[in-house]
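Structure record follows, encoded as structure tokens.
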Amino acid sequence: MTPYPVPQVGYGDPNQAPPPVGFHMGYNHQQPQPGHPVMYQPGPVGQGPGPMPMPEYGAPQMGPHAAISPAPAGVVPVGVPPGLEYLTQIDQILIHQKVELLEAFIGFETNNQYEIKNSLGQKIYKAKEKNDCCTRNCCGALRSFDMKIKDNMDREVIRLIRPFRCASCWCPCCLQELEVQAPPGTTIGYVSQDWNPCVPKFSIKGANKETVMKLEGPCFACNCCGDVNFELTGKDGGKPIGRISKQWSGLLKEVFTDTDNFGIQFPLDMDVKMKAVLMGACFLIDFMFFEKVGDMNQRNTVFS
């Protein structure tokens, strides 16, 4: 496994200027060119204008219009959940939270929505929180939720499930946890908070809750004109092998909205299921440390 960090350009280089809007960033691995279709994100085959409804993964396909253009036979790695094949080709993901006008102007909390992109700014997935109005506005950043992550054909490929937990860094018996399923209904891993009164720490776990990696953030998880980095290491610690970064979005966005930009970097040869679990860790970090509810000047910094 290549030590982190390795890029001389692009994401993760401390000497490079912050990425521009749209996340068009350098990348030292081969990537699709702008304007080309994203590999393993095929479109429907058929005639007629407008989008075609796509079947869920595992559902039988019937009729000529149900066909899609699949990936070439024999190139999909064994054991990769359907819809996650593209993750085998990349070592970084960019997540952009959409601005909700109702939330920005009156502070009424709405379901969070995100776009998930590759390093060229091409959208590869989209994510949307599923929650009710009462839970969002009464429980705030601690709220439980289900989040659906869909591919470019609007098929759900990942589901994130977060139960409601209390909010005290001095209470180690009720720490935060998030379950990751891919495909929905099949658990592939968990993100579990590790108790620490000063520093945010998490364990990245497999389907049987065995610890695979560790994630550790700074003592003060707030980005005052700079990025906030959560370093990824092996289960026994050591040198960082990846990173989740909350990227500085600019003064106006940071103060008046809770729209956030994140970057995730991991080894190219990492198990694709663990890449999906790291995506779940990014969303959990967003809710715990960077979600603002009600008063737009209030920032919830939660350690459990």
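Labels for the structure tokens follow display order: chains A, B, ..., residues from 1 in each chain, ligands from 1.
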- Message: With only C-alpha atoms as the counted atoms, please give the residues lying no more than 9 Å from region 209-215 of chain A, apart from itself and same-chain residues fewer than 5 positions off, as a list in words.
- Response: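 In the requested format, the answer is Gly189, Tyr190, Pro200, Lys201, Phe202, Ser203, Ile204, Phe230, Glu231, Leu232, Thr233, Gly234, Lys235, Asp236, Gly237, Arg243, Ile244, Met274 and Ala281 of chain A.
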- Excluding Asn229 (chain A) and any residue of its chain fewer than 2 positions from it, enumerate the residues within 9 Å of it, using only C-alpha atoms, and give them as a ChimeraX atom specification. /A:216-218,221,227,231,243-247
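The interatomic distance for the pair CA of Ser144 (chain A) and CA of Phe287 (chain A) works out to 10.1 Å.
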- If you measure from CA of Lys273 (chain A) to CA of Ile93 (chain A), what distance in Å do you get, rounded to one decimal?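 Pair CA of Lys273 (chain A) / CA of Ile93 (chain A) returns 14.1 Å.
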- Counting only C-alpha atoms, closest pick from A:Phe266, A:Phe145, A:Tyr125, A:Tyr86 relative to Leu284 (chain A) is A:Phe145
